[in-house]
>>> print(open('work22.txt').read())   # compact mmCIF, C-alpha atoms and all ligand atoms
# COMPACT_ATOMS: atom_id res chain seq x y z
CA MET A 1 43.12 75.24 -129.12
CA ASP A 2 46.75 75.56 -128.02
CA GLN A 3 47.35 77.60 -124.90
CA ILE A 4 49.02 80.99 -125.35
CA LYS A 5 52.42 80.85 -123.59
CA VAL A 6 52.97 83.99 -121.55
CA VAL A 7 56.01 85.56 -119.85
CA VAL A 8 55.26 88.27 -117.27
CA ALA A 9 57.92 90.94 -116.63
CA GLY A 10 57.41 92.76 -113.33
CA ALA A 11 55.55 89.70 -112.03
CA SER A 12 56.20 90.44 -108.35
CA GLY A 13 55.01 94.05 -108.68
CA LYS A 14 51.53 95.39 -107.97
CA MET A 15 50.33 95.11 -111.57
CA GLY A 16 52.38 92.05 -112.47
CA SER A 17 51.05 89.97 -109.57
CA GLU A 18 47.51 90.92 -110.62
CA ALA A 19 48.39 89.72 -114.14
CA LEU A 20 49.45 86.36 -112.67
CA ARG A 21 46.04 86.07 -110.94
CA MET A 22 44.35 86.89 -114.26
CA ILE A 23 46.36 84.18 -116.06
CA LYS A 24 45.34 81.67 -113.36
CA LYS A 25 41.67 82.32 -114.20
CA HIS A 26 42.05 81.63 -117.95
CA SER A 27 42.60 78.08 -119.17
CA ASP A 28 43.68 79.31 -122.61
CA LEU A 29 46.75 81.02 -121.07
CA SER A 30 49.80 79.35 -119.58
CA LEU A 31 52.52 81.11 -117.60
CA VAL A 32 55.95 79.94 -118.83
CA ALA A 33 58.32 82.36 -117.01
CA CYS A 34 58.52 85.57 -114.99
CA ILE A 35 61.04 88.40 -114.90
CA ASP A 36 61.90 90.77 -112.07
CA LEU A 37 65.02 91.95 -110.24
CA HIS A 38 64.90 90.06 -106.95
CA HIS A 39 63.69 86.47 -107.44
CA LYS A 40 66.05 85.00 -110.04
CA GLY A 41 65.92 81.17 -110.02
CA LYS A 42 62.89 80.94 -107.73
CA ARG A 43 59.57 79.41 -108.67
CA VAL A 44 56.47 81.59 -108.54
CA ASN A 45 54.84 79.29 -105.95
CA GLU A 46 57.80 79.83 -103.59
CA ILE A 47 56.97 83.52 -103.23
CA ASP A 48 54.44 84.73 -100.67
CA GLY A 49 51.33 86.32 -102.13
CA LEU A 50 51.79 85.00 -105.68
CA PRO A 51 49.51 82.34 -107.19
CA ASP A 52 50.45 78.68 -107.48
CA PHE A 53 52.57 78.46 -110.67
CA ASP A 54 55.67 76.36 -111.34
CA ALA A 55 57.21 78.93 -113.68
CA ILE A 56 60.71 80.25 -112.87
CA PHE A 57 61.87 83.83 -112.37
CA TYR A 58 64.62 85.32 -114.55
CA ASP A 59 66.29 88.71 -114.17
CA ASP A 60 67.38 88.97 -117.80
CA ILE A 61 64.94 89.01 -120.70
CA ASN A 62 67.39 87.73 -123.30
CA GLN A 63 68.30 84.69 -121.21
CA CYS A 64 64.62 84.10 -120.47
CA LEU A 65 63.54 84.21 -124.11
CA ALA A 66 66.51 82.04 -125.15
CA GLU A 67 65.55 79.30 -122.66
CA VAL A 68 61.76 79.45 -122.68
CA GLU A 69 59.34 79.13 -125.59
CA ALA A 70 56.88 82.04 -125.38
CA ASP A 71 54.15 83.62 -127.52
CA VAL A 72 53.47 86.79 -125.52
CA LEU A 73 55.41 89.03 -123.13
CA ILE A 74 53.32 91.06 -120.68
CA ASP A 75 55.46 93.96 -119.46
CA LEU A 76 54.48 95.81 -116.28
CA THR A 77 57.80 97.28 -115.11
CA SER A 78 59.19 100.81 -115.48
CA PRO A 79 59.68 102.95 -118.61
CA LYS A 80 63.39 102.28 -119.20
CA VAL A 81 63.15 98.55 -118.57
CA GLY A 82 59.83 98.25 -120.40
CA TYR A 83 61.35 99.70 -123.56
CA LYS A 84 64.30 97.28 -123.39
CA HIS A 85 61.96 94.33 -122.79
CA THR A 86 59.58 95.28 -125.61
CA LYS A 87 62.46 95.57 -128.07
CA ALA A 88 63.95 92.25 -126.95
CA ALA A 89 60.57 90.54 -127.29
CA LEU A 90 60.11 91.78 -130.86
CA LEU A 91 63.66 90.75 -131.80
CA ASN A 92 62.86 87.26 -130.41
CA ASN A 93 59.52 87.01 -132.29
CA VAL A 94 57.53 87.24 -129.05
CA ARG A 95 54.46 89.49 -129.07
CA PRO A 96 54.61 92.25 -126.45
CA VAL A 97 51.53 93.39 -124.51
CA VAL A 98 52.82 96.40 -122.62
CA GLY A 99 51.14 98.26 -119.79
CA THR A 100 54.30 100.03 -118.65
CA THR A 101 53.82 103.76 -119.07
CA GLY A 102 56.20 106.62 -119.79
CA PHE A 103 57.66 105.61 -123.20
CA THR A 104 58.95 108.55 -125.26
CA THR A 105 57.63 109.30 -128.75
CA GLU A 106 61.04 108.28 -130.16
CA GLN A 107 60.86 104.92 -128.37
CA LEU A 108 57.31 104.32 -129.61
CA ASP A 109 58.34 105.22 -133.18
CA GLU A 110 61.31 102.86 -133.02
CA LEU A 111 59.24 99.98 -131.63
CA THR A 112 56.49 100.59 -134.20
CA ALA A 113 59.07 100.39 -137.01
CA LEU A 114 60.61 97.24 -135.54
CA ALA A 115 57.23 95.48 -135.24
CA LYS A 116 56.45 96.43 -138.84
CA GLU A 117 59.80 95.14 -140.06
CA LYS A 118 59.36 91.86 -138.15
CA GLN A 119 55.60 91.67 -139.03
CA ILE A 120 54.82 90.92 -135.39
CA GLY A 121 51.83 92.06 -133.39
CA ALA A 122 52.36 94.25 -130.33
CA VAL A 123 50.03 96.23 -128.10
CA ILE A 124 51.19 99.13 -125.93
CA ALA A 125 48.39 100.74 -123.94
CA PRO A 126 48.82 103.47 -121.33
CA ASN A 127 45.52 102.31 -119.85
CA PHE A 128 44.11 98.79 -120.02
CA ALA A 129 40.93 99.64 -118.08
CA MET A 130 38.18 99.40 -120.68
CA GLY A 131 36.16 102.11 -118.88
CA ALA A 132 39.14 104.46 -119.13
CA VAL A 133 39.41 103.83 -122.86
CA LEU A 134 35.75 104.80 -123.24
CA MET A 135 36.31 107.89 -121.02
CA MET A 136 39.04 109.03 -123.43
CA GLN A 137 36.81 108.51 -126.45
CA PHE A 138 33.92 110.41 -124.81
CA ALA A 139 36.34 113.25 -124.04
CA LYS A 140 37.40 113.34 -127.67
CA MET A 141 33.72 113.59 -128.73
CA ALA A 142 33.02 116.41 -126.26
CA ALA A 143 36.09 118.43 -127.32
CA LYS A 144 34.49 119.18 -130.67
CA TYR A 145 31.81 121.25 -128.90
CA PHE A 146 33.73 122.32 -125.76
CA PRO A 147 37.23 123.61 -126.61
CA ASP A 148 37.80 124.78 -123.00
CA VAL A 149 39.16 121.79 -121.15
CA GLU A 150 41.45 120.82 -118.28
CA ILE A 151 42.52 117.34 -117.20
CA ILE A 152 43.06 116.22 -113.61
CA GLU A 153 44.70 112.81 -113.16
CA LYS A 154 45.17 111.23 -109.73
CA HIS A 155 47.38 108.26 -108.90
CA HIS A 156 49.01 106.50 -105.94
CA ASP A 157 52.24 108.12 -104.76
CA GLN A 158 54.50 105.28 -105.97
CA LYS A 159 53.92 106.21 -109.60
CA LEU A 160 57.15 107.36 -111.26
CA ASP A 161 55.97 109.28 -114.33
CA ALA A 162 53.83 112.43 -114.47
CA PRO A 163 51.58 113.28 -116.13
CA SER A 164 50.15 109.79 -116.57
CA GLY A 165 50.25 108.13 -119.97
CA THR A 166 46.44 108.19 -119.92
CA ALA A 167 46.35 111.96 -119.42
CA VAL A 168 48.74 112.51 -122.31
CA LYS A 169 46.80 110.11 -124.51
CA THR A 170 43.54 111.91 -123.60
CA ALA A 171 45.11 115.25 -124.51
CA GLU A 172 46.30 113.83 -127.84
CA LEU A 173 42.79 112.58 -128.66
CA ILE A 174 41.22 115.90 -127.63
CA GLN A 175 43.80 117.74 -129.77
CA GLN A 176 42.50 115.88 -132.84
CA GLU A 177 39.01 117.44 -132.40
CA ARG A 178 39.59 120.66 -130.49
CA GLN A 179 39.97 124.07 -132.01
CA ALA A 180 43.46 125.09 -130.73
CA LYS A 181 43.23 127.30 -127.65
CA GLN A 182 45.47 128.49 -124.79
CA GLN A 183 43.55 127.67 -121.61
CA GLY A 184 43.07 130.41 -119.01
CA HIS A 185 43.42 134.21 -119.12
CA PRO A 186 45.97 135.48 -121.70
CA ASN A 187 47.68 137.52 -118.95
CA GLU A 188 47.61 134.90 -116.21
CA HIS A 189 50.85 134.33 -114.31
CA GLU A 190 51.84 131.80 -111.69
CA THR A 191 52.73 133.14 -108.27
CA LEU A 192 53.85 129.59 -107.43
CA ASP A 193 55.63 127.62 -110.17
CA GLY A 194 53.47 124.84 -111.61
CA ALA A 195 50.20 126.17 -110.18
CA ARG A 196 48.48 125.93 -113.56
CA GLY A 197 49.78 122.43 -114.29
CA ALA A 198 51.56 121.08 -117.37
CA ASP A 199 50.80 122.54 -120.78
CA PHE A 200 49.80 120.33 -123.71
CA ASP A 201 48.87 122.38 -126.77
CA GLY A 202 47.26 125.00 -124.50
CA MET A 203 45.43 122.39 -122.38
CA LYS A 204 46.38 122.11 -118.73
CA ILE A 205 47.10 118.74 -117.11
CA HIS A 206 47.20 118.47 -113.31
CA SER A 207 48.78 115.46 -111.58
CA VAL A 208 47.81 114.46 -108.03
CA ARG A 209 49.87 111.80 -106.18
CA LEU A 210 48.50 110.44 -102.89
CA PRO A 211 48.47 107.18 -100.96
CA GLY A 212 45.10 105.47 -101.16
CA LEU A 213 44.54 106.35 -104.83
CA VAL A 214 44.82 103.79 -107.64
CA ALA A 215 44.18 105.49 -111.03
CA HIS A 216 41.57 108.20 -111.56
CA GLN A 217 40.97 110.92 -114.13
CA GLU A 218 38.54 113.76 -114.67
CA VAL A 219 38.26 115.68 -117.91
CA ILE A 220 36.43 118.94 -117.21
CA PHE A 221 34.92 120.89 -120.08
CA GLY A 222 33.68 124.44 -119.55
CA GLY A 223 31.08 126.34 -121.57
CA PRO A 224 28.95 129.41 -120.90
CA GLY A 225 26.87 128.53 -117.81
CA GLU A 226 27.73 124.82 -117.86
CA ASN A 227 30.43 122.28 -117.10
CA LEU A 228 30.70 118.74 -118.37
CA THR A 229 32.83 116.32 -116.35
CA ILE A 230 33.84 112.94 -117.73
CA LYS A 231 35.28 110.82 -114.96
CA HIS A 232 36.75 107.37 -114.60
CA ASP A 233 38.01 105.56 -111.50
CA SER A 234 40.04 102.40 -111.26
CA PHE A 235 39.49 101.34 -107.63
CA HIS A 236 41.54 98.16 -107.91
CA ARG A 237 44.29 96.94 -110.23
CA GLU A 238 41.95 94.13 -111.30
CA SER A 239 40.26 96.81 -113.44
CA PHE A 240 43.18 96.62 -115.91
CA MET A 241 43.14 92.87 -116.37
CA SER A 242 40.17 92.38 -118.71
CA GLY A 243 41.88 94.82 -121.11
CA ILE A 244 45.16 92.93 -120.87
CA LYS A 245 43.37 89.64 -121.64
CA PHE A 246 41.55 91.34 -124.53
CA ALA A 247 44.91 92.58 -125.88
CA ILE A 248 46.53 89.13 -125.56
CA ASP A 249 43.68 87.59 -127.57
CA HIS A 250 44.03 90.22 -130.31
CA VAL A 251 47.82 90.48 -130.44
CA MET A 252 48.04 86.93 -131.77
CA ASP A 253 46.27 88.09 -134.98
CA LEU A 254 48.12 91.39 -135.43
CA SER A 255 51.20 91.99 -137.60
CA GLU A 256 51.99 95.51 -136.38
CA LEU A 257 52.25 97.55 -133.19
CA VAL A 258 49.02 99.08 -131.91
CA TYR A 259 49.34 101.95 -129.42
CA GLY A 260 46.14 102.27 -127.40
CA LEU A 261 43.45 99.70 -126.64
CA GLU A 262 40.82 101.82 -128.39
CA TYR A 263 42.10 100.74 -131.82
CA LEU A 264 41.17 97.18 -130.87
CA MET A 265 38.00 97.96 -128.86
CA LEU A 266 36.41 100.33 -131.36
CA ASP A 267 37.53 98.48 -134.47
P1 LIG A 301 55.74 98.04 -109.18
O1 LIG A 301 54.83 97.46 -108.15
O2 LIG A 301 56.86 98.92 -108.74
O3 LIG A 301 56.34 96.82 -110.01
C1 LIG A 301 57.39 96.97 -110.92
C2 LIG A 301 57.94 95.61 -111.26
O4 LIG A 301 58.98 95.79 -112.24
C3 LIG A 301 58.56 94.86 -110.09
O5 LIG A 301 58.22 93.49 -110.17
C4 LIG A 301 60.06 95.03 -110.33
O6 LIG A 301 60.84 93.96 -109.83
C5 LIG A 301 60.11 95.02 -111.85
N1 LIG A 301 61.36 95.62 -112.31
C6 LIG A 301 61.86 96.86 -112.02
N2 LIG A 301 63.05 97.04 -112.62
C7 LIG A 301 63.31 95.90 -113.29
C8 LIG A 301 64.40 95.46 -114.10
N3 LIG A 301 65.46 96.25 -114.33
N4 LIG A 301 64.35 94.22 -114.64
C9 LIG A 301 63.30 93.41 -114.40
N5 LIG A 301 62.23 93.77 -113.65
C10 LIG A 301 62.24 94.99 -113.09
O7 LIG A 301 54.92 98.89 -110.26
P2 LIG A 301 53.38 98.75 -110.67
O8 LIG A 301 52.52 99.64 -109.88
O9 LIG A 301 53.04 97.31 -110.77
O10 LIG A 301 53.43 99.39 -112.14
C11 LIG A 301 54.18 98.79 -113.20
C12 LIG A 301 53.97 99.61 -114.48
O11 LIG A 301 52.61 99.48 -114.90
C13 LIG A 301 54.21 101.12 -114.32
O12 LIG A 301 54.85 101.62 -115.48
C14 LIG A 301 52.81 101.70 -114.21
O13 LIG A 301 52.74 103.05 -114.63
C15 LIG A 301 52.10 100.78 -115.20
N6 LIG A 301 50.63 100.73 -115.09
C16 LIG A 301 49.95 100.60 -116.25
C17 LIG A 301 48.59 100.50 -116.26
C18 LIG A 301 47.90 100.32 -117.58
O14 LIG A 301 46.68 100.12 -117.60
N7 LIG A 301 48.61 100.40 -118.71
C19 LIG A 301 47.87 100.54 -115.06
C20 LIG A 301 48.58 100.66 -113.86
C21 LIG A 301 49.97 100.74 -113.89
P3 LIG A 301 61.39 93.94 -108.30
O15 LIG A 301 60.15 93.91 -107.44
O16 LIG A 301 62.20 92.70 -108.24
O17 LIG A 301 62.18 95.21 -108.14
>>> encode(input="work22.txt", output="structure tokens")
Amino acid sequence: MDQIKVVVAGASGKMGSEALRMIKKHSDLSLVACIDLHHKGKRVNEIDGLPDFDAIFYDDINQCLAEVEADVLIDLTSPKVGYKHTKAALLNNVRPVVGTTGFTTEQLDELTALAKEKQIGAVIAPNFAMGAVLMMQFAKMAAKYFPDVEIIEKHHDQKLDAPSGTAVKTAELIQQERQAKQQGHPNEHETLDGARGADFDGMKIHSVRLPGLVAHQEVIFGGPGENLTIKHDSFHRESFMSGIKFAIDHVMDLSELVYGLEYLMLD
């Protein structure tokens, strides 16, 4: 079988460098180029801490995709750049597998329409940890019986967006099953702004940012005399890589954009 030719955007970042290590472990994948801001023209194997690849760094996606033949773009950058990269990939008939979080609904709608028009597979997943995907599905199941729910997500303090894409996605899934409800006392008021967290359809989402954390989430359901906590921890960024590989394998057979790994895992 032909190798799948992969470009990694954000390759020198924390997630991107982990993606390079994942590619190294799989003989059916080949790294053809990388994109970041600071290493233009360098080879991957010239950069400390990155695996031994010959592929070259670009700082511009359009130049990269014009010069290099690629099947898949893995994007692990930041929301604004990730959107631009995903769009450029689709326009160049390259299949995006996007872990970058923080896309707006309008951006997702536009990218979904573009993938449909081009008949090209794409996967955007706010969480590629397979355990986290299951945590979200279990939370959705529980919400049918426990409408009282709050979400606490915890991440490292370099994360730019809050709440996390996973927390929002969890809230969206819960919303599909939950009888609508405003969490907390009807007359509650905050003596400190933000004390009750962000509001999503009456659910509260609390974001913790601390050094030492990677990606963690608890969904706490309350009922008379009982609590149910569904909890997932990513202790290392390696936890996201089996989901990214899974998405790469599936994206080659898709002809539309899929938002969320669950649509592939639970198919
Ligand atoms: P990071 O360490 O800051 O890495 C970001 C990378 O993006 C760097 O390589 C950076 O290049 C590159 N970059 C920034 N601006 C760019 C631009 N204009 N053009 C090209 N490259 C650019 O961040 P991280 O922790 O790896 O996280 C990356 C993304 O993954 C975030 O959105 C995060 O929320 C998301 N994430 C997703 C999952 C998931 O499962 N879906 C899990 C964890 C994290 P330079 O180093 O040259 O500046």
>>> atom_distance(input="work22.txt", atom1="CA of Lys84 in chain A", atom2="CA of Asp60 in chain A")
10.5 Å
>>> atom_distance(input="work22.txt", atom1="atom O7 of ligand LIG 301 (chain A)", atom2="CA of Cys64 in chain A")
20.4 Å
>>> residues_near_ligand(input="work22.txt", ligand="ligand LIG 301 (chain A)", cutoff="6 Å", atoms="all atoms listed in the file", output="list of chain:residue names")
A:Ala9, A:Gly10, A:Ala11, A:Ser12, A:Gly13, A:Lys14, A:Met15, A:Gly16, A:Ile35, A:Asp36, A:Leu37, A:His38, A:Asp59, A:Leu76, A:Thr77, A:Ser78, A:Pro79, A:Val81, A:Gly99, A:Thr100, A:Thr101, A:Ala125, A:Pro126, A:Asn127, A:Phe128, A:Ala129, A:Phe240
>>> atom_distance(input="work22.txt", atom1="CA of Met135 in chain A", atom2="CA of Glu153 in chain A")
12.5 Å
>>> closest_residue(input="work22.txt", among="A:Asp201, A:Asp54, A:Asp148, A:Asp253", to="Leu228 in chain A", atoms="all atoms listed in the file")
A:Asp148
>>> closest_atom_pairs(input="work22.txt", of="range 67-181 of chain A", to="range 202-220 of chain A", cutoff="7 Å", atoms="all atoms listed in the file", output="CSV")
residue,atom,partner,partner_atom,distance
A:Ala139,CA,A:Val219,CA,6.9
A:Val149,CA,A:Ile220,CA,5.6
A:Glu150,CA,A:Lys204,CA,5.1
A:Ile151,CA,A:Val219,CA,4.6
A:Ile152,CA,A:His206,CA,4.7
A:Glu153,CA,A:Gln217,CA,4.3
A:Lys154,CA,A:Val208,CA,4.5
A:His155,CA,A:Ala215,CA,4.7
A:His156,CA,A:Leu213,CA,4.6
A:Asp157,CA,A:Arg209,CA,4.6
A:Ala162,CA,A:Ser207,CA,6.6
A:Pro163,CA,A:Ser207,CA,5.8
A:Lys181,CA,A:Gly202,CA,5.6
>>> closest_residue(input="work22.txt", among="A:Gly165, A:Pro147, A:Gly260, A:Gly102", to="Gly222 in chain A", atoms="all atoms listed in the file")
A:Pro147
>>> closest_residue(input="work22.txt", among="A:Gln3, A:Gly225, A:Met141, A:Ile47", to="Ser17 in chain A", atoms="all atoms listed in the file")
A:Ile47
>>> closest_residue(input="work22.txt", among="A:Asn45, A:Ala198, A:Phe53, A:Gln107", to="Lys24 in chain A", atoms="all atoms listed in the file")
A:Phe53
>>> closest_residue(input="work22.txt", among="A:Ala132, A:Ala247, A:Ile174, A:Thr191", to="Leu73 in chain A", atoms="only C-alpha atoms")
A:Ala247
>>> closest_residue(input="work22.txt", among="A:Gln175, A:Thr104, A:Ser27, A:Asn93", to="Lys116 in chain A", atoms="only C-alpha atoms")
A:Asn93
>>> residues_near_point(input="work22.txt", point="(42.1, 98.7, -130.9)", cutoff="10 Å", atoms="all atoms listed in the file", output="PyMOL selection string")
chain A and resi 123+125+133+246-247+250+258-267
>>> residues_near_point(input="work22.txt", point="(58.6, 97.2, -125.6)", cutoff="7 Å", atoms="only C-alpha atoms", output="PDB file with C-alpha atoms, in the frame of the given file")
ATOM      1  CA  GLY A  82      59.830  98.250-120.400  1.00  0.00           C
ATOM      2  CA  TYR A  83      61.350  99.700-123.560  1.00  0.00           C
ATOM      3  CA  LYS A  84      64.300  97.280-123.390  1.00  0.00           C
ATOM      4  CA  HIS A  85      61.960  94.330-122.790  1.00  0.00           C
ATOM      5  CA  THR A  86      59.580  95.280-125.610  1.00  0.00           C
ATOM      6  CA  LYS A  87      62.460  95.570-128.070  1.00  0.00           C
ATOM      7  CA  PRO A  96      54.610  92.250-126.450  1.00  0.00           C
ATOM      8  CA  VAL A  98      52.820  96.400-122.620  1.00  0.00           C
ATOM      9  CA  LEU A 111      59.240  99.980-131.630  1.00  0.00           C
TER      10      LEU A 111
END
>>> build_atoms(input="work22.txt", residues="range 73-89 of chain A", atoms="N, CA, C and O atoms", output="short mmCIF file (atom, residue, chain, number, x, y, z; two decimals), keeping the file's coordinate frame")
data_model
loop_
_atom_site.label_atom_id
_atom_site.label_comp_id
_atom_site.auth_asym_id
_atom_site.auth_seq_id
_atom_site.Cartn_x
_atom_site.Cartn_y
_atom_site.Cartn_z
N LEU A 73 54.79 88.45 -124.32
CA LEU A 73 55.41 89.03 -123.13
C LEU A 73 54.47 90.11 -122.59
O LEU A 73 54.13 91.05 -123.31
N ILE A 74 54.04 89.96 -121.34
CA ILE A 74 53.32 91.06 -120.68
C ILE A 74 54.36 91.86 -119.91
O ILE A 74 55.08 91.30 -119.08
N ASP A 75 54.48 93.15 -120.20
CA ASP A 75 55.46 93.96 -119.46
C ASP A 75 54.75 94.98 -118.58
O ASP A 75 53.98 95.81 -119.06
N LEU A 76 55.05 94.88 -117.27
CA LEU A 76 54.48 95.81 -116.28
C LEU A 76 55.62 96.20 -115.34
O LEU A 76 55.68 95.78 -114.19
N THR A 77 56.59 96.95 -115.87
CA THR A 77 57.80 97.28 -115.11
C THR A 77 57.93 98.80 -114.96
O THR A 77 57.07 99.42 -114.35
N SER A 78 59.01 99.36 -115.51
CA SER A 78 59.19 100.81 -115.48
C SER A 78 59.62 101.24 -116.88
O SER A 78 60.07 100.41 -117.67
N PRO A 79 59.50 102.54 -117.22
CA PRO A 79 59.68 102.95 -118.61
C PRO A 79 60.98 102.47 -119.27
O PRO A 79 60.95 101.92 -120.38
N LYS A 80 62.11 102.64 -118.59
CA LYS A 80 63.39 102.28 -119.20
C LYS A 80 63.48 100.77 -119.46
O LYS A 80 63.86 100.32 -120.54
N VAL A 81 63.09 100.01 -118.46
CA VAL A 81 63.15 98.55 -118.57
C VAL A 81 62.10 98.06 -119.57
O VAL A 81 62.36 97.16 -120.37
N GLY A 82 60.92 98.66 -119.52
CA GLY A 82 59.83 98.25 -120.40
C GLY A 82 60.21 98.41 -121.87
O GLY A 82 59.90 97.54 -122.70
N TYR A 83 60.90 99.47 -122.17
CA TYR A 83 61.35 99.70 -123.56
C TYR A 83 62.32 98.60 -123.98
O TYR A 83 62.19 98.01 -125.05
N LYS A 84 63.29 98.32 -123.10
CA LYS A 84 64.30 97.28 -123.39
C LYS A 84 63.62 95.92 -123.58
O LYS A 84 63.92 95.18 -124.52
N HIS A 85 62.66 95.62 -122.70
CA HIS A 85 61.96 94.33 -122.79
C HIS A 85 61.14 94.22 -124.07
O HIS A 85 61.11 93.16 -124.71
N THR A 86 60.45 95.32 -124.42
CA THR A 86 59.58 95.28 -125.61
C THR A 86 60.43 95.04 -126.86
O THR A 86 60.08 94.23 -127.73
N LYS A 87 61.56 95.73 -126.92
CA LYS A 87 62.46 95.57 -128.07
C LYS A 87 62.99 94.14 -128.13
O LYS A 87 62.99 93.51 -129.19
N ALA A 88 63.41 93.62 -126.99
CA ALA A 88 63.95 92.25 -126.95
C ALA A 88 62.89 91.24 -127.37
O ALA A 88 63.17 90.28 -128.10
N ALA A 89 61.66 91.45 -126.92
CA ALA A 89 60.57 90.54 -127.29
C ALA A 89 60.39 90.53 -128.80
O ALA A 89 60.36 89.46 -129.43
#
